[in-house]
>>> print(open('protein28.cif').read())   # mmCIF, C-alpha atoms and all ligand atoms
data_model
loop_
_atom_site.label_atom_id
_atom_site.label_comp_id
_atom_site.auth_asym_id
_atom_site.auth_seq_id
_atom_site.Cartn_x
_atom_site.Cartn_y
_atom_site.Cartn_z
CA MET A 1 0.00 0.00 0.00
CA LEU A 2 2.80 2.31 1.05
CA LYS A 3 4.62 1.43 -2.19
CA ILE A 4 1.59 2.39 -4.34
CA PHE A 5 1.15 5.64 -2.38
CA SER A 6 4.76 6.65 -2.86
CA LYS A 7 4.52 5.79 -6.58
CA ILE A 8 1.45 8.05 -7.00
CA THR A 9 3.10 10.83 -5.00
CA GLY A 10 6.21 10.56 -7.18
CA TRP A 11 4.11 10.78 -10.35
CA ILE A 12 2.30 13.87 -9.06
CA VAL A 13 5.60 15.51 -8.19
CA VAL A 14 6.95 14.80 -11.69
CA MET A 15 3.77 16.21 -13.31
CA LEU A 16 3.92 19.32 -11.14
CA PHE A 17 7.56 19.78 -12.03
CA LEU A 18 6.79 19.48 -15.76
CA PHE A 19 3.87 21.90 -15.41
CA VAL A 20 6.07 24.47 -13.67
CA LEU A 21 8.68 24.02 -16.41
CA TRP A 22 6.01 24.56 -19.09
CA GLN A 23 4.72 27.65 -17.30
CA CYS A 24 8.23 29.07 -17.08
CA ALA A 25 8.81 28.34 -20.76
CA THR A 26 5.58 30.02 -21.93
CA GLN A 27 6.16 32.98 -19.61
CA LYS A 28 9.70 33.35 -20.96
CA GLU A 29 8.30 33.26 -24.49
CA LYS A 30 5.76 35.92 -23.51
CA ASP A 31 8.43 38.11 -21.95
CA ASN A 32 10.96 37.63 -24.75
CA PRO A 33 8.99 36.79 -27.87
CA SER A 34 10.99 36.36 -31.04
CA PRO A 35 9.62 39.00 -33.38
CA VAL A 36 7.58 37.85 -36.39
CA LYS A 37 9.27 39.06 -39.57
CA ILE A 38 6.68 40.87 -41.65
CA ILE A 39 6.29 42.24 -45.16
CA PHE A 40 3.15 44.41 -45.04
CA ASP A 41 1.35 44.88 -48.39
CA THR A 42 -1.48 47.41 -48.38
CA ASP A 43 -3.87 49.48 -50.48
CA MET A 44 -3.17 52.41 -48.19
CA GLY A 45 -5.25 55.48 -48.99
CA SER A 46 -8.42 53.66 -49.87
CA ASP A 47 -9.61 53.07 -46.32
CA CYS A 48 -8.41 54.07 -42.87
CA ASP A 49 -8.31 50.49 -41.57
CA ASP A 50 -5.01 50.08 -43.47
CA VAL A 51 -3.69 52.90 -41.30
CA GLY A 52 -5.00 51.15 -38.20
CA ALA A 53 -3.39 47.89 -39.31
CA LEU A 54 0.03 49.52 -39.81
CA ALA A 55 -0.30 51.36 -36.49
CA LEU A 56 -1.07 48.02 -34.81
CA LEU A 57 1.98 46.48 -36.48
CA HIS A 58 4.16 49.30 -35.13
CA ALA A 59 2.72 48.78 -31.64
CA TYR A 60 3.72 45.10 -31.88
CA ALA A 61 7.17 46.17 -33.12
CA ASP A 62 7.43 48.51 -30.11
CA ASP A 63 6.76 45.49 -27.90
CA GLY A 64 9.40 43.40 -29.66
CA ARG A 65 6.79 41.07 -31.18
CA ALA A 66 7.12 42.15 -34.84
CA GLU A 67 9.93 43.16 -37.14
CA ILE A 68 8.72 45.17 -40.12
CA LEU A 69 11.03 44.16 -42.96
CA ALA A 70 9.28 46.22 -45.64
CA CYS A 71 6.01 47.85 -46.61
CA ILE A 72 4.53 47.46 -50.09
CA TYR A 73 1.92 49.70 -51.72
CA SER A 74 0.70 47.53 -54.55
CA SER A 75 -2.26 49.63 -55.72
CA GLY A 76 -1.23 52.41 -58.00
CA LYS A 77 -4.39 54.23 -59.00
CA VAL A 78 -4.13 56.82 -56.25
CA PRO A 79 -0.36 57.13 -56.24
CA TYR A 80 0.16 58.58 -52.76
CA GLY A 81 -0.19 55.42 -50.66
CA ALA A 82 3.58 55.04 -50.33
CA GLY A 83 3.78 58.59 -48.95
CA ILE A 84 1.25 57.83 -46.21
CA ILE A 85 3.08 54.62 -45.30
CA ASP A 86 6.30 56.63 -44.95
CA ALA A 87 4.51 59.22 -42.79
CA ILE A 88 3.22 56.48 -40.47
CA ASN A 89 6.61 54.76 -40.25
CA THR A 90 8.24 58.13 -39.52
CA TYR A 91 5.69 58.88 -36.79
CA TYR A 92 6.59 55.60 -35.12
CA GLY A 93 10.32 56.35 -35.27
CA ARG A 94 11.05 53.89 -38.10
CA PRO A 95 11.57 56.15 -41.15
CA ASP A 96 14.10 53.72 -42.64
CA ILE A 97 11.73 50.82 -43.21
CA PRO A 98 12.04 50.11 -46.96
CA ILE A 99 8.92 50.96 -48.93
CA GLY A 100 8.11 49.51 -52.33
CA ALA A 101 5.35 50.58 -54.70
CA TYR A 102 3.60 49.52 -57.86
CA TYR A 103 4.26 52.06 -60.58
CA GLY A 104 1.28 51.16 -62.75
CA ASP A 105 -2.15 52.73 -62.45
CA ASP A 106 -4.40 49.83 -63.42
CA ILE A 107 -4.96 48.42 -59.92
CA GLY A 108 -6.65 49.92 -56.91
CA ASP A 109 -9.33 52.25 -55.72
CA PRO A 110 -9.79 55.04 -58.26
CA ILE A 111 -11.03 57.46 -55.61
CA ASP A 112 -8.81 59.23 -53.10
CA LYS A 113 -11.05 58.77 -50.06
CA MET A 114 -8.58 59.81 -47.44
CA SER A 115 -7.06 63.00 -48.83
CA ALA A 116 -4.06 60.81 -49.54
CA GLU A 117 -2.47 63.40 -51.79
CA LYS A 118 -2.88 66.14 -49.20
CA LEU A 119 -1.52 63.95 -46.38
CA ALA A 120 1.43 62.67 -48.38
CA LYS A 121 2.40 66.19 -49.46
CA ASP A 122 2.20 67.61 -45.94
CA THR A 123 5.81 66.68 -45.23
CA SER A 124 6.31 69.52 -42.77
CA ALA A 125 3.63 68.00 -40.54
CA PHE A 126 4.52 64.33 -40.88
CA GLY A 127 8.22 64.30 -41.81
CA ASN A 128 7.89 61.78 -44.68
CA ASP A 129 10.31 62.06 -47.57
CA ILE A 130 8.38 59.75 -49.89
CA ILE A 131 5.41 61.53 -51.44
CA HIS A 132 4.54 59.91 -54.79
CA ASN A 133 4.83 56.17 -55.50
CA PHE A 134 7.71 56.95 -57.85
CA ASP A 135 9.71 58.16 -54.82
CA ALA A 136 9.58 54.59 -53.46
CA GLU A 137 11.48 51.60 -54.83
CA GLU A 138 9.71 49.42 -57.41
CA GLN A 139 7.82 46.79 -55.40
CA THR A 140 9.28 43.58 -56.85
CA VAL A 141 12.88 44.79 -56.76
CA LEU A 142 12.35 45.46 -53.07
CA THR A 143 10.52 42.25 -52.15
CA ARG A 144 13.11 40.14 -53.96
CA ARG A 145 16.00 41.89 -52.21
CA ILE A 146 14.38 41.67 -48.77
CA LEU A 147 13.56 37.99 -49.19
CA ALA A 148 16.98 37.09 -50.59
CA ASN A 149 18.56 38.40 -47.39
CA GLN A 150 16.33 36.52 -44.94
CA THR A 151 16.82 33.12 -43.40
CA ASP A 152 14.81 30.33 -44.99
CA HIS A 153 11.08 29.98 -44.19
CA SER A 154 11.17 32.97 -41.87
CA VAL A 155 8.99 35.66 -43.47
CA THR A 156 5.27 36.29 -43.04
CA TYR A 157 3.75 38.20 -45.98
CA ILE A 158 0.56 40.08 -45.06
CA THR A 159 -1.80 41.49 -47.67
CA VAL A 160 -4.50 43.87 -46.48
CA GLY A 161 -5.09 45.14 -49.99
CA HIS A 162 -4.90 43.74 -53.50
CA THR A 163 -2.81 40.92 -54.93
CA LYS A 164 -0.66 42.67 -57.54
CA GLY A 165 2.40 42.91 -55.31
CA ILE A 166 2.38 39.25 -54.38
CA TYR A 167 1.61 38.29 -58.00
CA ASP A 168 4.54 40.31 -59.35
CA LEU A 169 6.80 38.64 -56.80
CA LEU A 170 5.59 35.18 -57.69
CA VAL A 171 6.15 35.57 -61.45
CA SER A 172 9.46 37.42 -61.14
CA LYS A 173 12.50 35.98 -62.91
CA ALA A 174 15.94 35.18 -61.55
CA ASP A 175 18.11 38.29 -61.63
CA SER A 176 21.21 39.90 -60.12
CA ILE A 177 19.44 40.04 -56.74
CA SER A 178 18.83 36.28 -56.55
CA PRO A 179 19.39 33.28 -58.82
CA LEU A 180 15.97 32.03 -57.68
CA ASP A 181 12.84 32.94 -59.60
CA GLY A 182 9.85 34.27 -57.68
CA MET A 183 8.26 30.88 -57.13
CA GLU A 184 11.48 29.40 -55.71
CA LEU A 185 12.21 32.51 -53.64
CA VAL A 186 8.76 32.34 -52.05
CA LYS A 187 9.15 28.60 -51.40
CA ARG A 188 12.52 29.15 -49.80
CA LYS A 189 11.95 32.29 -47.73
CA ILE A 190 8.26 32.76 -46.96
CA LYS A 191 6.63 30.87 -44.13
CA CYS A 192 3.10 32.06 -44.68
CA TRP A 193 0.88 34.49 -46.61
CA ILE A 194 -1.86 35.97 -44.43
CA ALA A 195 -4.60 37.77 -46.34
CA ILE A 196 -7.69 39.81 -45.75
CA GLY A 197 -9.83 38.58 -48.63
CA GLY A 198 -12.05 35.83 -49.90
CA THR A 199 -15.13 34.40 -48.26
CA ASP A 200 -16.32 31.54 -46.13
CA GLN A 201 -19.67 31.35 -47.93
CA ASN A 202 -20.39 28.12 -49.73
CA ASP A 203 -23.37 29.25 -51.71
CA TYR A 204 -22.04 32.14 -53.77
CA TYR A 205 -18.86 33.63 -55.18
CA ASN A 206 -17.98 36.69 -53.17
CA LEU A 207 -16.76 39.72 -55.10
CA ASP A 208 -14.77 41.20 -52.26
CA TRP A 209 -12.82 44.43 -52.39
CA ASN A 210 -9.30 43.07 -52.08
CA PHE A 211 -9.39 39.87 -54.13
CA ALA A 212 -12.02 40.48 -56.78
CA ARG A 213 -12.53 44.19 -57.36
CA ASN A 214 -10.33 47.07 -58.49
CA GLY A 215 -8.70 45.01 -61.23
CA ALA A 216 -7.32 42.38 -58.84
CA GLY A 217 -9.36 39.35 -59.98
CA PRO A 218 -6.95 37.76 -62.50
CA TYR A 219 -3.93 38.32 -60.23
CA THR A 220 -5.78 36.85 -57.26
CA LYS A 221 -6.68 33.75 -59.25
CA TYR A 222 -3.08 33.19 -60.31
CA VAL A 223 -1.72 33.69 -56.79
CA ILE A 224 -4.32 31.53 -55.07
CA ASP A 225 -3.93 28.75 -57.64
CA ASN A 226 -0.13 28.78 -57.58
CA TRP A 227 0.99 29.99 -54.14
CA PRO A 228 3.47 27.32 -53.11
CA VAL A 229 3.45 27.62 -49.32
CA LYS A 230 0.86 28.19 -46.64
CA ALA A 231 -1.90 30.77 -47.19
CA VAL A 232 -4.26 31.84 -44.42
CA PHE A 233 -7.42 33.82 -45.13
CA VAL A 234 -8.66 35.88 -42.19
CA LEU A 235 -12.28 36.98 -41.94
CA GLY A 236 -13.50 39.35 -39.26
CA GLY A 237 -13.42 42.91 -37.99
CA MET A 238 -16.65 43.85 -39.79
CA THR A 239 -18.23 45.09 -36.56
CA VAL A 240 -15.11 46.04 -34.65
CA PHE A 241 -15.20 49.84 -34.66
CA LEU A 242 -12.32 52.23 -34.02
CA GLY A 243 -11.99 56.00 -34.07
CA LYS A 244 -12.95 57.32 -30.64
CA CYS A 245 -9.76 55.81 -29.20
CA LEU A 246 -7.72 58.28 -31.28
CA LYS A 247 -9.38 61.41 -29.89
CA PRO A 248 -6.90 61.89 -27.01
CA THR A 249 -3.87 61.51 -29.30
CA PRO A 250 -1.87 64.60 -30.37
CA PRO A 251 -2.82 66.41 -33.60
CA GLY A 252 0.47 65.44 -35.29
CA ASN A 253 -0.54 61.77 -35.11
CA ILE A 254 -0.93 60.62 -38.72
CA VAL A 255 -3.14 57.71 -37.60
CA ARG A 256 -5.65 60.07 -36.06
CA THR A 257 -5.44 62.44 -39.05
CA ALA A 258 -6.07 59.63 -41.53
CA TYR A 259 -9.07 58.25 -39.62
CA ARG A 260 -10.46 61.79 -39.25
CA ASP A 261 -10.06 62.62 -42.95
CA TRP A 262 -11.45 59.31 -44.17
CA LEU A 263 -14.49 59.57 -41.90
CA TRP A 264 -15.11 63.16 -43.03
CA TRP A 265 -14.98 62.03 -46.66
CA TRP A 266 -17.45 59.23 -45.80
CA GLY A 267 -20.43 61.54 -45.34
CA LYS A 268 -18.94 64.16 -43.04
CA LYS A 269 -18.51 61.72 -40.18
CA THR A 270 -16.16 62.23 -37.23
CA LEU A 271 -13.95 60.05 -35.03
CA ASP A 272 -17.03 59.44 -32.85
CA ASP A 273 -18.71 57.66 -35.77
CA GLN A 274 -15.77 55.23 -36.05
CA ARG A 275 -14.72 52.81 -38.78
CA LEU A 276 -14.62 49.02 -38.98
CA SER A 277 -11.41 47.02 -38.70
CA TRP A 278 -10.95 44.38 -41.40
CA ASP A 279 -7.24 44.90 -41.93
CA LEU A 280 -6.23 44.91 -38.31
CA MET A 281 -7.42 41.31 -38.03
CA ALA A 282 -4.67 40.06 -40.37
CA VAL A 283 -1.95 41.79 -38.38
CA TYR A 284 -3.47 40.55 -35.11
CA TYR A 285 -3.50 36.94 -36.32
CA ALA A 286 -0.02 37.21 -37.86
CA ILE A 287 1.51 38.21 -34.55
CA GLU A 288 -0.67 36.46 -31.99
CA GLY A 289 -1.95 33.38 -33.81
CA ILE A 290 -5.14 31.82 -32.49
CA THR A 291 -6.46 33.74 -29.49
CA PRO A 292 -9.75 33.45 -27.57
CA THR A 293 -11.31 35.83 -30.13
CA LEU A 294 -10.36 33.78 -33.23
CA ARG A 295 -11.48 30.40 -34.47
CA ASN A 296 -9.54 28.10 -36.74
CA GLU A 297 -12.05 26.93 -39.35
CA GLY A 298 -9.55 24.38 -40.55
CA TYR A 299 -8.04 23.48 -43.87
CA GLY A 300 -9.78 23.62 -47.24
CA TRP A 301 -9.21 25.49 -50.48
CA MET A 302 -10.14 28.87 -51.93
CA GLU A 303 -11.62 28.75 -55.41
CA ALA A 304 -10.91 31.94 -57.36
CA ARG A 305 -12.46 33.02 -60.66
CA GLU A 306 -10.66 35.56 -62.83
CA ASN A 307 -13.49 38.03 -62.68
CA GLY A 308 -16.05 36.19 -60.66
CA GLY A 309 -14.93 36.30 -57.07
CA THR A 310 -13.85 33.65 -54.61
CA LYS A 311 -15.45 30.84 -52.67
CA TRP A 312 -14.07 28.75 -49.79
CA HIS A 313 -14.47 24.98 -49.89
CA LYS A 314 -13.86 22.66 -46.95
CA GLU A 315 -13.19 19.65 -49.17
CA PRO A 316 -10.75 18.50 -50.32
CA ALA A 317 -8.71 19.90 -47.48
CA ASP A 318 -5.31 21.31 -48.44
CA SER A 319 -3.00 21.71 -45.44
CA ASN A 320 -1.52 24.78 -47.14
CA ARG A 321 -4.85 26.64 -47.20
CA GLN A 322 -6.56 27.68 -43.98
CA LEU A 323 -9.47 29.87 -42.90
CA ILE A 324 -9.53 31.86 -39.66
CA LYS A 325 -12.62 33.67 -38.41
CA GLN A 326 -13.39 36.10 -35.65
CA ILE A 327 -15.61 34.52 -33.00
CA GLY A 328 -18.99 36.23 -32.60
CA GLY A 329 -19.49 38.37 -29.53
CA THR A 330 -15.85 39.47 -29.33
CA ASP A 331 -16.21 42.92 -30.92
CA LYS A 332 -15.97 44.90 -27.69
CA ILE A 333 -12.92 42.95 -26.50
CA LEU A 334 -11.15 43.65 -29.78
CA GLU A 335 -12.20 47.30 -29.89
CA GLU A 336 -10.68 47.86 -26.49
CA TYR A 337 -7.55 45.86 -27.29
CA PHE A 338 -6.87 47.38 -30.71
CA GLY A 339 -7.91 50.84 -29.50
CA LYS A 340 -5.28 50.86 -26.75
CA LEU A 341 -2.55 49.69 -29.11
CA ILE A 342 -3.18 52.03 -32.04
CA ALA A 343 -3.64 55.08 -29.81
CA ARG A 344 -0.54 54.37 -27.77
CA ALA A 345 2.37 56.82 -28.06
CA PRO A 346 5.27 55.44 -30.11
CA LYS A 347 8.12 54.01 -28.05
CA LEU A 348 10.78 55.32 -30.42
CA GLU A 349 11.38 58.99 -30.94
CA LYS A 350 10.20 60.49 -34.21
CA LYS A 351 13.14 61.02 -36.54
CA ASN A 352 13.70 61.55 -40.22
CA ARG A 353 15.21 59.10 -42.66
CA ARG A 354 18.97 58.72 -42.35
CA CA A 401 -6.97 47.60 -47.08
#
>>> encode(input="protein28.cif", output="structure tokens", more="lines below")
Ligand SMILES: [Ca+2]
Amino acid sequence: MLKIFSKITGWIVVMLFLFVLWQCATQKEKDNPSPVKIIFDTDMGSDCDDVGALALLHAYADDGRAEILACIYSSGKVPYGAGIIDAINTYYGRPDIPIGAYYGDDIGDPIDKMSAEKLAKDTSAFGNDIIHNFDAEEQTVLTRRILANQTDHSVTYITVGHTKGIYDLLVSKADSISPLDGMELVKRKIKCWIAIGGTDQNDYYNLDWNFARNGAGPYTKYVIDNWPVKAVFVLGGMTVFLGKCLKPTPPGNIVRTAYRDWLWWWGKKTLDDQRLSWDLMAVYYAIEGITPTLRNEGYGWMEARENGGTKWHKEPADSNRQLIKQIGGTDKILEEYFGKLIARAPKLEKKNRR
């Protein structure tokens, strides 16, 4: 009897020891997270949630949880997106983050809904030295160079806009930057593509803004059909509203200015009227993975038509295609969480490009 008792006690002690070890390990990871290496590809200027998403990414970078390798503005129709990206990066004390842009004008929102030109040209207020897309490096030259210099399978590529940037990368040829063509470079260096786009509906083809509209359809189809590593489609943020959180921030805050200007354009609304948060969800998932506000819908595949939208299928399941959804009833939690992060003062001092 005594023998059995001491055996059970010994087992409990071992389990407790392992549990304490696990707790220490997860706490250590929490305290010293290795930053997620990010390329952030956006249709900045079309909607203020891109601004919120980049602000969120900077907040994670301030906490040591993200490293922003590059920002890409892959929608050229309103050619001042790169300027706003530079203004945001400068505000957060990271004016040297490389910015790439698409030089064409066949993709993207044709309407400047955020006074993008005015914001990008207001360099005395925001300190940016990129104004027009042509001031930024060509997008594929930049993505190829950034990827070539990273360790294998280490980069997370986020798209919160259209698919022209990631398409151009995928079809790029070997060159003086890398002997690998785009497909091989992606296979070698990118761990995952995380996108805001597509649908979880099984009964119709969704013509969503990022994947199907604004000239993106054919590029989306190619990328979705040929993307050689993991792709995660994130759906959510539709009823997560932000704007009020920015009211206490200083007037020189580009995030606040962009939300204010976009809301004013959208029917003379103010920060109190707020704006939804699609794009922030991709950044949130990229850095934090599955949290109590997100559900893993599992593997499947995204069907894309050239000009007919996308549709998610659960079968046959492809382990390189995954759908993540916001859990219902979590809007307020996310509003508070995102709101604190995007309104927080930058940890680095504002400085101009070296
Ligand atoms: Ca966007």
>>> closest_residue(input="protein28.cif", among="A:Ile324, A:Met183, A:Val36, A:Ile224", to="Thr293 (chain A)", atoms="all atoms listed in the file")
A:Ile324
>>> closest_residue(input="protein28.cif", among="A:Ile97, A:Ile131, A:Leu246, A:Leu235", to="Thr270 (chain A)", atoms="all atoms listed in the file")
A:Leu246
>>> closest_atom_pairs(input="protein28.cif", of="chain A", to="ligand CA 401 (chain A)", cutoff="9 Å", atoms="only C-alpha atoms and all ligand atoms", output="CSV")
residue,atom,partner,partner_atom,distance
A:Asp41,CA,A:CA401,CA,8.9
A:Thr42,CA,A:CA401,CA,5.6
A:Asp43,CA,A:CA401,CA,5.0
A:Met44,CA,A:CA401,CA,6.2
A:Gly45,CA,A:CA401,CA,8.3
A:Ser46,CA,A:CA401,CA,6.8
A:Asp47,CA,A:CA401,CA,6.1
A:Cys48,CA,A:CA401,CA,7.9
A:Asp49,CA,A:CA401,CA,6.4
A:Asp50,CA,A:CA401,CA,4.8
A:Val51,CA,A:CA401,CA,8.5
A:Ala53,CA,A:CA401,CA,8.6
A:Thr159,CA,A:CA401,CA,8.0
A:Val160,CA,A:CA401,CA,4.5
A:Gly161,CA,A:CA401,CA,4.2
A:His162,CA,A:CA401,CA,7.8
A:Ile196,CA,A:CA401,CA,7.9
A:Trp209,CA,A:CA401,CA,8.5
A:Asn210,CA,A:CA401,CA,7.1
A:Trp278,CA,A:CA401,CA,7.6
A:Asp279,CA,A:CA401,CA,5.8
>>> residues_around(input="protein28.cif", residues="Gly308 (chain A)", least_positions_apart="6", cutoff="9 Å", atoms="all atoms listed in the file", output="number ranges by chain")
A: 205-207, 212, 217
>>> atom_distance(input="protein28.cif", atom1="CA of Ile342 (chain A)", atom2="CA of Tyr157 (chain A)")
20.8 Å
>>> atom_distance(input="protein28.cif", atom1="CA of Val240 (chain A)", atom2="CA of Gln326 (chain A)")
10.1 Å
>>> atom_distance(input="protein28.cif", atom1="CA of Glu138 (chain A)", atom2="CA of Tyr102 (chain A)")
6.1 Å
